[in-house]
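Engineer: Sharing a structure with you now.
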Protein chains: 2
Amino acid sequence: MTTDAYLADCRARLAFDLLSNTWNAVLIWALREGPRRPGELRETIGGISPKVLTQTLRRLEFNGLVKRHAYAEVPPRVEYELTTLGRTLLTPIDTFGAWAFEHGDEVMAAQERHDG
Amino acid sequence: MTTDAYLADCRARLAFDLLSNTWNAVLIWALREGPRRPGELRETIGGISPKVLTQTLRRLEFNGLVKRHAYAEVPPRVEYELTTLGRTLLTPIDTFGAWAFEHGDEVMAAQERHDG
DNA sequence: CAGCATCCCGGCAGATACTG
DNA sequence: CAGTATCTGCCGGGATGCTG
């Protein structure tokens, strides 16, 4: 354990706030192999509306995790790419993915148990 | 990277949903060393209201991450404790804590940059 | 002390329609 | 195709007061 405290105003909170949205982690992961266009992202992810996609990407851009590239063409072309900082989140995200892969069943079982 | 895909309906979403609340990760971390009473938790964490504390603990209990022990005493005494499943989340949480410790400044710098 | 009931607020997300 | 504007609903979070 590297963090000795974890309180209300702890800096560690920052990392969770970054991924506390429905799509943030999904988009970072979808961008892991390089620049992608919004259309591509919508197709590969599925279930995300164009508005929410833009909204989420801009939020990531605001936090310095994603860089936006706009090309003056017709029809317009835009690409989003992970920044160096954004790329450093891939490993932590994968840690949680691995956890879910291993323990997801237990969580769902507990949920169903408390339903009845 | 252990997860090959990360889409809208991916199981990895489960892990982020678990920690997508303001206090979930904070409470798990605060319980890492053993059972704690609500009063203790409020004191060590700070900035969380009694209602939200109970609300969050019950949510964790629902997901099988925390166990609640109630003792029939006067005044009433209650303790919350991490389950085996809940304890498996400590390492992933610490991964993010370490990330925030290392990259928190960069995120805050990016935020302030996009403000002006 | 632990916890519930109530009311309120803000942000995320979804659906839809429209602009360049 | 990319993005915006608007409206809507929902849930988490906070404040307050009351009960056992």
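Residues in the structure tokens are named by chain (A, B, ... in the order shown) and by number from 1 within that chain; ligands are numbered from 1 in the order shown.
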Would you pick out the contacts of region 64-68 of chain A at 6 Å or less, using only C-alpha atoms (C1' of nucleotides), so that residues sharing its chain but fewer than 4 positions from it are not included, and give the list as a ChimeraX atom specification?
Structural biologist: /A:60,80-83,85-86 /B:110
Engineer: When DSSP is applied to the backbone of this structure, which of chain B are assigned strand (DSSP E or B)? Write them out as a CSV table (one decimal) with N, CA and C atoms, in the first residue's frame.
Structural biologist:
```csv
chain,number,residue,atom,x,y,z
B,36,ARG,N,-15.1,-1.2,12.0
B,36,ARG,CA,-15.1,0.2,12.5
B,36,ARG,C,-16.6,0.6,12.8
B,66,VAL,N,-19.2,-5.3,2.2
B,66,VAL,CA,-19.2,-5.0,3.6
B,66,VAL,C,-20.2,-5.8,4.4
B,67,LYS,N,-19.8,-6.1,5.6
B,67,LYS,CA,-20.7,-6.9,6.5
B,67,LYS,C,-21.1,-6.0,7.7
B,68,ARG,N,-22.4,-6.0,8.0
B,68,ARG,CA,-22.8,-5.2,9.1
B,68,ARG,C,-23.1,-6.0,10.3
B,69,HIS,N,-22.6,-5.6,11.5
B,69,HIS,CA,-22.8,-6.3,12.8
B,69,HIS,C,-23.5,-5.4,13.7
B,70,ALA,N,-24.7,-5.8,14.2
B,70,ALA,CA,-25.5,-5.0,15.1
B,70,ALA,C,-25.5,-5.7,16.5
B,71,TYR,N,-25.2,-4.9,17.5
B,71,TYR,CA,-25.3,-5.5,18.9
B,71,TYR,C,-26.4,-4.9,19.6
B,77,ARG,N,-24.9,-0.2,19.4
B,77,ARG,CA,-23.5,-0.3,18.8
B,77,ARG,C,-23.6,-1.1,17.5
B,78,VAL,N,-22.9,-0.6,16.6
B,78,VAL,CA,-22.9,-1.2,15.2
B,78,VAL,C,-21.5,-1.1,14.7
B,79,GLU,N,-21.1,-2.2,14.0
B,79,GLU,CA,-19.8,-2.2,13.4
B,79,GLU,C,-19.9,-2.7,11.9
B,80,TYR,N,-19.1,-2.1,11.1
B,80,TYR,CA,-19.0,-2.5,9.7
B,80,TYR,C,-17.6,-3.1,9.4
B,81,GLU,N,-17.6,-4.1,8.6
B,81,GLU,CA,-16.4,-4.8,8.4
B,81,GLU,C,-16.3,-5.2,6.9
B,82,LEU,N,-15.1,-5.2,6.3
B,82,LEU,CA,-15.0,-5.6,5.0
B,82,LEU,C,-15.2,-7.1,4.9
```
Engineer: Find the spatial neighbours of DG17 (chain D), counting only C-alpha atoms (C1' of nucleotides), within a cut-off of 12 Å - ignore same-chain residues fewer than 2 positions away - and output them as a ChimeraX atom specification.
Structural biologist: /C:4-7 /D:15,19
Engineer: Restrict the distance test to only C-alpha atoms (C1' of nucleotides), flag each residue of chain A within 8 Å of chain C, and return the flagged residues as a VMD selection string.
Structural biologist: chain A and resid 21 49 52
Engineer: Give me a file of those residues, with C-alpha atoms, as a short mmCIF file (atom, residue, chain, number, x, y, z; two decimals), in the first residue's frame.
Structural biologist:
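Output contents, as saved in part33.cif:
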```
data_model
loop_
_atom_site.label_atom_id
_atom_site.label_comp_id
_atom_site.auth_asym_id
_atom_site.auth_seq_id
_atom_site.Cartn_x
_atom_site.Cartn_y
_atom_site.Cartn_z
CA ASN A 21 -18.69 8.90 -14.97
CA SER A 49 -25.37 8.73 -28.10
CA VAL A 52 -22.92 12.11 -24.72
#
```
Engineer: Write out as a list in words which residues come within 12 Å of Asp105 (chain B) when counting only C-alpha atoms (C1' of nucleotides), dropping same-chain ones fewer than 5 positions away.
Structural biologist: Arg11, Ala12, Leu14, Ala15, Asn63, Gly64 and Leu85 of chain A; Trp99, Ala100, Ala110, Gln111 and Glu112 of chain B
Engineer: Would you give me, as a PyMOL selection string, the residues of chain B that come within 12 Å of chain D, using only C-alpha atoms (C1' of nucleotides)?
Structural biologist: chain B and resi 20-24+47-53+55-56+59+72-76
Engineer: Excluding Arg32 (chain B) and residues on its chain fewer than 2 positions from it, collect all residues at most 9 Å away from it, counting only C-alpha atoms (C1' of nucleotides), and give them as an NGL selection string.
Structural biologist: :B and (27-30 or 34-35 or 81-82 or 87 or 90)
Engineer: Can you tell me, as number ranges by chain, which residues in chain B count as alpha helix (DSSP H) by DSSP?
Structural biologist: B: 12-18, 24-30, 38-45, 50-62, 84-87, 90-115
Engineer: Which value, in Å to one decimal, gives the distance between CA of Gly46 (chain A) and CA of Ala109 (chain A)?
Structural biologist: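 Answer for the CA of Gly46 (chain A) to CA of Ala109 (chain A) separation: 26.3 Å.
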